[in-house]
Amino acid sequence: MPDFQRPKSLCDIPTHYCPGCTHGIVHRLVAEIIDELGIENNTVGVCPVGCSVMAYDYFACDMMEASHGRAPAVATGVKRALPDKVVFTYQGDGDLAAIGTAETVHAATRGENITIIFINNTTYGMTGGQMAPTTLPGQVTQTTPYGRNTDTEGFPVRVSEMLATLSGVALAERVAVYDPKSVANAKKAIRKGFDFQLKKQGFSIIEVLSTCPTNWGMTPVAALDRVKNELAAYYPLGVFKEGAVRNFNA
C-alpha cells in the first residue's frame with residue numbers, strides 16, 4: 001500500500017492557519033487534484049483577501065494576489081488572455097459574498113470558464129470574527145454580540161443556490177469537510193469543477209462548509225460538529241446545478 005504523502009503541488013512549509021481550521025484540508029484536496037490531472041505547470045490560482053490571503057505560499061503552481069473581492073475579475077482576465085491555462089480562485093465568504101458579490105455574480109452570468117473554490121465558515125475570520133453575509137441567524141459574532149437578528153441584519157446569503165439560477169453557471173455544488181466521507185465527497189466536487197473547466201463547460205463554483213474554531217470560540221472537534229449539525233442544516237449539501245452551458249447564440 002503506498003505511503004500517505006504530501007501532494008507535489010502543495011509546498012512543504014508550515015501554514016499560518018489556526019489549529020483546527022479546515023483551510024488546510026481543502027488546500028490538500030486542491031493540490032491532490034492538480035497532481036492527478038497533471039496540470040501544475042499549466043495552472044494559475046488567484047488568492048483572496050482573508051485568512052487564505054497567503055495561499056500563494058502554499059501551492060506550487062503559479063499564483064496571483066487579487067484586491068479584496070476581485071479574484072473573479074482577475075481570474076477572468078487571466079483566462080481570457082491565456083485561455084489554455086486552468087484558472088481557479090480560492091475565496092472566503094467575506095471576500096466572495098460581501099465585497100466581491102458583484103465580481104462573483106457577473107463572472108458567473110457571463111459564463112467565464114473558471115473554477116471557484118468558496119470557503120464558507122460564516123464569519124470574517126482574518127479580521128476578528130465580525131458578522132459575514134453567511135453568518136447564521138442567532139449566531140454571536142464580534143458585531144452581533146446578541147446574535148444575528150434577521151429583522152435588522154437580514155438573512156444569510158445562500159450563494160450556491162443564488163448562482164445556480166444564472167444561465168452562465170455550469171456547476172454549483174456545496175460540500176463540507178467535517179469527517180472522512182464528507183472530505184472524499186468534497187474532493188469529488190472540486191475535481192468536477194476542474195474537469196468542467198478543462199472541457200470548456202462554463203463557470204463552476206464549489207462551496208465548502210468549513211470551520212473557524214478561533215472565532216467561534218470552540219475546540220476543533222466541537223467546530224467540526226457545528227459544521228455537520230448547524231451549518232449543513234441551513235446550507236444543505238448537494239448539487240444545485242450541473243451541466244454544460246448552452247450557447248444561446250448558436
# chains A, B, ... in the order shown; residues from 1 in each chain; ligands from 1
>>> residues_around(residues="region 211-222 of chain A", least_positions_apart="6", cutoff="7 Å", atoms="only C-alpha atoms", output="list in words")
Gly20, Cys21, Thr22, Asn121, Gly125, Gly128 and Gly129 of chain A
>>> write_last_selection(atoms="N, CA and C atoms", output="compact mmCIF listing (two decimals), in the first residue's frame")
# COMPACT_ATOMS: atom_id res chain seq x y z
N GLY A 20 -7.09 23.47 13.93
CA GLY A 20 -8.47 23.06 13.69
C GLY A 20 -9.12 23.71 12.50
N CYS A 21 -8.47 24.70 11.90
CA CYS A 21 -9.01 25.33 10.69
C CYS A 21 -8.97 24.33 9.54
N THR A 22 -10.02 24.30 8.74
CA THR A 22 -10.09 23.31 7.67
C THR A 22 -9.58 23.83 6.33
N ASN A 121 -17.26 29.74 6.22
CA ASN A 121 -17.21 29.44 7.66
C ASN A 121 -18.04 30.42 8.48
N GLY A 125 -13.00 35.72 9.31
CA GLY A 125 -12.00 35.09 10.17
C GLY A 125 -10.77 35.94 10.40
N GLY A 128 -11.11 39.26 12.85
CA GLY A 128 -11.55 39.19 14.24
C GLY A 128 -12.90 38.60 14.51
N GLY A 129 -13.59 38.09 13.48
CA GLY A 129 -14.83 37.38 13.73
C GLY A 129 -16.09 38.21 13.66
>>> select_by_dssp(residues="region 57-143 of chain A", states="alpha helix (DSSP H)", output="number ranges by chain")
A: 71-81, 93-94, 101-109
>>> closest_residue(among="A:Leu136, A:Thr141, A:Leu163, A:Pro180", to="Ala232 (chain A)", atoms="only C-alpha atoms")
A:Leu136
>>> residues_around(residues="Ile206 (chain A)", least_positions_apart="6", cutoff="8 Å", atoms="only C-alpha atoms", output="list in words")
Thr115, Ile116, Ile117, Phe118, Ser160, Leu171, Ala172, Glu173, Arg174, Val175, Ala189, Ile190 and Gly193 of chain A
>>> residues_around(residues="Leu166 (chain A)", least_positions_apart="4", cutoff="8 Å", atoms="only C-alpha atoms", output="list in words")
Ala108, Thr109 and Met162 of chain A
>>> closest_residue(among="A:Thr76, A:Thr15, A:Ser167, A:Thr134", to="Gly154 (chain A)", atoms="only C-alpha atoms")
A:Thr134
>>> closest_residue(among="A:Ala223, A:Ala233, A:Ala164, A:Val140", to="Ile205 (chain A)", atoms="only C-alpha atoms")
A:Ala164
>>> closest_residue(among="A:Gln201, A:Thr144, A:Asn42, A:Gln91", to="Met54 (chain A)", atoms="only C-alpha atoms")
A:Gln91
>>> closest_residue(among="A:Phe196, A:Asp151, A:Pro137, A:Gly50", to="Tyr124 (chain A)", atoms="only C-alpha atoms")
A:Gly50
>>> residues_around(residues="region 101-103 of chain A", least_positions_apart="2", cutoff="8 Å", atoms="only C-alpha atoms", output="ChimeraX atom specification")
/A:69-73,96-99,105-107
>>> write_last_selection(atoms="C-alpha atoms", output="tab-separated table (two decimals), in the first residue's frame")
chain	number	residue	atom	x	y	z
A	69	GLY	CA	-13.25	40.64	-3.58
A	70	ARG	CA	-11.78	40.98	-7.06
A	71	ALA	CA	-10.50	37.44	-7.58
A	72	PRO	CA	-13.18	36.51	-10.18
A	73	ALA	CA	-12.33	39.65	-12.17
A	96	LEU	CA	-16.65	36.39	-2.21
A	97	ALA	CA	-20.09	37.02	-0.73
A	98	ALA	CA	-19.60	40.56	0.60
A	99	ILE	CA	-17.16	42.92	-1.09
A	105	VAL	CA	-22.26	37.30	-9.91
A	106	HIS	CA	-21.12	38.91	-13.15
A	107	ALA	CA	-18.34	36.38	-13.80
>>> select_by_dssp(residues="region 112-237 of chain A", states="strand (DSSP E)", output="VMD selection string")
chain A and resid 115 to 120 169 to 176 203 to 209
>>> closest_residue(among="A:Lys79, A:Lys181, A:Lys8, A:Arg148", to="Glu32 (chain A)", atoms="only C-alpha atoms")
A:Lys8
>>> decode(residues="region 60-185 of chain A", atoms="C-alpha atoms", output="PDB file, in the first residue's frame")
ATOM      1  CA  ALA A  60       3.414  25.142  -6.183  1.00  0.00           C
ATOM      2  CA  CYS A  61       1.546  26.303  -9.296  1.00  0.00           C
ATOM      3  CA  ASP A  62       1.530  29.915 -10.488  1.00  0.00           C
ATOM      4  CA  MET A  63      -0.427  32.098  -8.060  1.00  0.00           C
ATOM      5  CA  MET A  64      -1.646  35.711  -8.121  1.00  0.00           C
ATOM      6  CA  GLU A  65      -2.969  38.039  -5.423  1.00  0.00           C
ATOM      7  CA  ALA A  66      -6.196  39.956  -6.047  1.00  0.00           C
ATOM      8  CA  SER A  67      -7.562  43.002  -4.295  1.00  0.00           C
ATOM      9  CA  HIS A  68     -10.330  42.303  -1.786  1.00  0.00           C
ATOM     10  CA  GLY A  69     -13.246  40.637  -3.578  1.00  0.00           C
ATOM     11  CA  ARG A  70     -11.780  40.979  -7.060  1.00  0.00           C
ATOM     12  CA  ALA A  71     -10.499  37.439  -7.579  1.00  0.00           C
ATOM     13  CA  PRO A  72     -13.178  36.512 -10.181  1.00  0.00           C
ATOM     14  CA  ALA A  73     -12.326  39.651 -12.169  1.00  0.00           C
ATOM     15  CA  VAL A  74      -8.610  38.845 -12.043  1.00  0.00           C
ATOM     16  CA  ALA A  75      -9.313  35.230 -12.984  1.00  0.00           C
ATOM     17  CA  THR A  76     -11.437  36.428 -15.912  1.00  0.00           C
ATOM     18  CA  GLY A  77      -8.540  38.498 -17.214  1.00  0.00           C
ATOM     19  CA  VAL A  78      -6.078  35.637 -16.883  1.00  0.00           C
ATOM     20  CA  LYS A  79      -8.396  33.141 -18.573  1.00  0.00           C
ATOM     21  CA  ARG A  80      -9.232  35.452 -21.461  1.00  0.00           C
ATOM     22  CA  ALA A  81      -5.572  36.333 -22.024  1.00  0.00           C
ATOM     23  CA  LEU A  82      -4.395  32.733 -21.584  1.00  0.00           C
ATOM     24  CA  PRO A  83      -7.393  30.533 -22.456  1.00  0.00           C
ATOM     25  CA  ASP A  84      -5.364  27.312 -22.327  1.00  0.00           C
ATOM     26  CA  LYS A  85      -4.493  27.842 -18.657  1.00  0.00           C
ATOM     27  CA  VAL A  86      -6.504  26.239 -15.859  1.00  0.00           C
ATOM     28  CA  VAL A  87      -7.583  29.144 -13.644  1.00  0.00           C
ATOM     29  CA  PHE A  88      -9.081  28.864 -10.168  1.00  0.00           C
ATOM     30  CA  THR A  89      -9.867  31.265  -7.343  1.00  0.00           C
ATOM     31  CA  TYR A  90      -9.765  30.353  -3.665  1.00  0.00           C
ATOM     32  CA  GLN A  91     -12.022  32.689  -1.633  1.00  0.00           C
ATOM     33  CA  GLY A  92     -13.676  33.013   1.742  1.00  0.00           C
ATOM     34  CA  ASP A  93     -17.215  34.186   2.441  1.00  0.00           C
ATOM     35  CA  GLY A  94     -16.253  37.753   3.335  1.00  0.00           C
ATOM     36  CA  ASP A  95     -14.212  38.106   0.159  1.00  0.00           C
ATOM     37  CA  LEU A  96     -16.648  36.391  -2.215  1.00  0.00           C
ATOM     38  CA  ALA A  97     -20.094  37.020  -0.733  1.00  0.00           C
ATOM     39  CA  ALA A  98     -19.597  40.556   0.605  1.00  0.00           C
ATOM     40  CA  ILE A  99     -17.164  42.924  -1.089  1.00  0.00           C
ATOM     41  CA  GLY A 100     -16.846  40.572  -4.068  1.00  0.00           C
ATOM     42  CA  THR A 101     -20.537  39.906  -4.688  1.00  0.00           C
ATOM     43  CA  ALA A 102     -20.664  41.875  -7.947  1.00  0.00           C
ATOM     44  CA  GLU A 103     -17.497  40.292  -9.357  1.00  0.00           C
ATOM     45  CA  THR A 104     -18.781  36.819  -8.492  1.00  0.00           C
ATOM     46  CA  VAL A 105     -22.264  37.302  -9.913  1.00  0.00           C
ATOM     47  CA  HIS A 106     -21.122  38.914 -13.148  1.00  0.00           C
ATOM     48  CA  ALA A 107     -18.341  36.380 -13.802  1.00  0.00           C
ATOM     49  CA  ALA A 108     -20.978  33.694 -13.277  1.00  0.00           C
ATOM     50  CA  THR A 109     -23.616  35.257 -15.514  1.00  0.00           C
ATOM     51  CA  ARG A 110     -21.026  35.738 -18.266  1.00  0.00           C
ATOM     52  CA  GLY A 111     -20.218  32.044 -18.021  1.00  0.00           C
ATOM     53  CA  GLU A 112     -16.497  32.631 -17.538  1.00  0.00           C
ATOM     54  CA  ASN A 113     -14.737  29.291 -17.862  1.00  0.00           C
ATOM     55  CA  ILE A 114     -13.106  29.412 -14.416  1.00  0.00           C
ATOM     56  CA  THR A 115     -13.347  27.374 -11.215  1.00  0.00           C
ATOM     57  CA  ILE A 116     -14.101  28.986  -7.853  1.00  0.00           C
ATOM     58  CA  ILE A 117     -13.386  27.303  -4.524  1.00  0.00           C
ATOM     59  CA  PHE A 118     -15.577  29.093  -1.968  1.00  0.00           C
ATOM     60  CA  ILE A 119     -14.850  28.589   1.744  1.00  0.00           C
ATOM     61  CA  ASN A 120     -17.897  29.297   3.919  1.00  0.00           C
ATOM     62  CA  ASN A 121     -17.214  29.436   7.659  1.00  0.00           C
ATOM     63  CA  THR A 122     -19.954  32.006   8.430  1.00  0.00           C
ATOM     64  CA  THR A 123     -17.559  34.653   9.731  1.00  0.00           C
ATOM     65  CA  TYR A 124     -14.874  37.188   8.885  1.00  0.00           C
ATOM     66  CA  GLY A 125     -12.000  35.090  10.166  1.00  0.00           C
ATOM     67  CA  MET A 126      -8.939  37.225   9.464  1.00  0.00           C
ATOM     68  CA  THR A 127     -10.242  40.475  10.929  1.00  0.00           C
ATOM     69  CA  GLY A 128     -11.546  39.189  14.242  1.00  0.00           C
ATOM     70  CA  GLY A 129     -14.831  37.378  13.725  1.00  0.00           C
ATOM     71  CA  GLN A 130     -17.326  40.007  12.587  1.00  0.00           C
ATOM     72  CA  MET A 131     -20.681  39.081  11.030  1.00  0.00           C
ATOM     73  CA  ALA A 132     -20.410  37.933   7.415  1.00  0.00           C
ATOM     74  CA  PRO A 133     -23.150  37.653   4.767  1.00  0.00           C
ATOM     75  CA  THR A 134     -23.201  33.939   5.605  1.00  0.00           C
ATOM     76  CA  THR A 135     -23.490  34.288   9.408  1.00  0.00           C
ATOM     77  CA  LEU A 136     -26.384  32.153  10.657  1.00  0.00           C
ATOM     78  CA  PRO A 137     -29.499  33.616  12.320  1.00  0.00           C
ATOM     79  CA  GLY A 138     -28.805  33.959  16.025  1.00  0.00           C
ATOM     80  CA  GLN A 139     -25.057  33.474  15.616  1.00  0.00           C
ATOM     81  CA  VAL A 140     -22.950  35.525  18.018  1.00  0.00           C
ATOM     82  CA  THR A 141     -20.086  37.443  16.407  1.00  0.00           C
ATOM     83  CA  GLN A 142     -17.990  40.493  17.289  1.00  0.00           C
ATOM     84  CA  THR A 143     -20.569  42.731  15.592  1.00  0.00           C
ATOM     85  CA  THR A 144     -23.660  40.753  16.634  1.00  0.00           C
ATOM     86  CA  PRO A 145     -22.995  40.172  20.363  1.00  0.00           C
ATOM     87  CA  TYR A 146     -26.636  39.196  20.936  1.00  0.00           C
ATOM     88  CA  GLY A 147     -26.803  37.004  17.840  1.00  0.00           C
ATOM     89  CA  ARG A 148     -27.660  37.865  14.256  1.00  0.00           C
ATOM     90  CA  ASN A 149     -31.114  39.406  14.231  1.00  0.00           C
ATOM     91  CA  THR A 150     -32.772  38.865  10.865  1.00  0.00           C
ATOM     92  CA  ASP A 151     -35.119  41.800  11.499  1.00  0.00           C
ATOM     93  CA  THR A 152     -32.192  44.225  11.393  1.00  0.00           C
ATOM     94  CA  GLU A 153     -29.303  42.316   9.787  1.00  0.00           C
ATOM     95  CA  GLY A 154     -31.271  40.332   7.230  1.00  0.00           C
ATOM     96  CA  PHE A 155     -30.848  36.692   6.303  1.00  0.00           C
ATOM     97  CA  PRO A 156     -27.704  34.761   5.347  1.00  0.00           C
ATOM     98  CA  VAL A 157     -26.902  34.529   1.639  1.00  0.00           C
ATOM     99  CA  ARG A 158     -27.106  31.050   0.141  1.00  0.00           C
ATOM    100  CA  VAL A 159     -24.514  31.632  -2.558  1.00  0.00           C
ATOM    101  CA  SER A 160     -24.689  28.303  -4.392  1.00  0.00           C
ATOM    102  CA  GLU A 161     -28.478  28.409  -4.711  1.00  0.00           C
ATOM    103  CA  MET A 162     -28.357  32.017  -5.910  1.00  0.00           C
ATOM    104  CA  LEU A 163     -25.693  31.391  -8.555  1.00  0.00           C
ATOM    105  CA  ALA A 164     -27.472  28.239  -9.741  1.00  0.00           C
ATOM    106  CA  THR A 165     -30.201  30.475 -11.178  1.00  0.00           C
ATOM    107  CA  LEU A 166     -27.762  32.117 -13.622  1.00  0.00           C
ATOM    108  CA  SER A 167     -27.521  30.873 -17.203  1.00  0.00           C
ATOM    109  CA  GLY A 168     -23.711  31.078 -17.324  1.00  0.00           C
ATOM    110  CA  VAL A 169     -23.193  28.661 -14.440  1.00  0.00           C
ATOM    111  CA  ALA A 170     -22.270  25.091 -15.335  1.00  0.00           C
ATOM    112  CA  LEU A 171     -21.697  23.755 -11.823  1.00  0.00           C
ATOM    113  CA  ALA A 172     -22.870  24.948  -8.399  1.00  0.00           C
ATOM    114  CA  GLU A 173     -22.308  22.455  -5.610  1.00  0.00           C
ATOM    115  CA  ARG A 174     -21.984  22.623  -1.816  1.00  0.00           C
ATOM    116  CA  VAL A 175     -19.871  20.186   0.173  1.00  0.00           C
ATOM    117  CA  ALA A 176     -18.297  20.073   3.649  1.00  0.00           C
ATOM    118  CA  VAL A 177     -15.164  18.756   5.357  1.00  0.00           C
ATOM    119  CA  TYR A 178     -16.237  17.554   8.810  1.00  0.00           C
ATOM    120  CA  ASP A 179     -15.416  13.811   8.521  1.00  0.00           C
ATOM    121  CA  PRO A 180     -13.623  11.427   6.102  1.00  0.00           C
ATOM    122  CA  LYS A 181     -16.724  10.752   3.992  1.00  0.00           C
ATOM    123  CA  SER A 182     -17.511  14.444   3.561  1.00  0.00           C
ATOM    124  CA  VAL A 183     -13.870  15.156   2.695  1.00  0.00           C
ATOM    125  CA  ALA A 184     -13.981  12.466  -0.004  1.00  0.00           C
ATOM    126  CA  ASN A 185     -17.179  13.999  -1.410  1.00  0.00           C
TER     127      ASN A 185
END
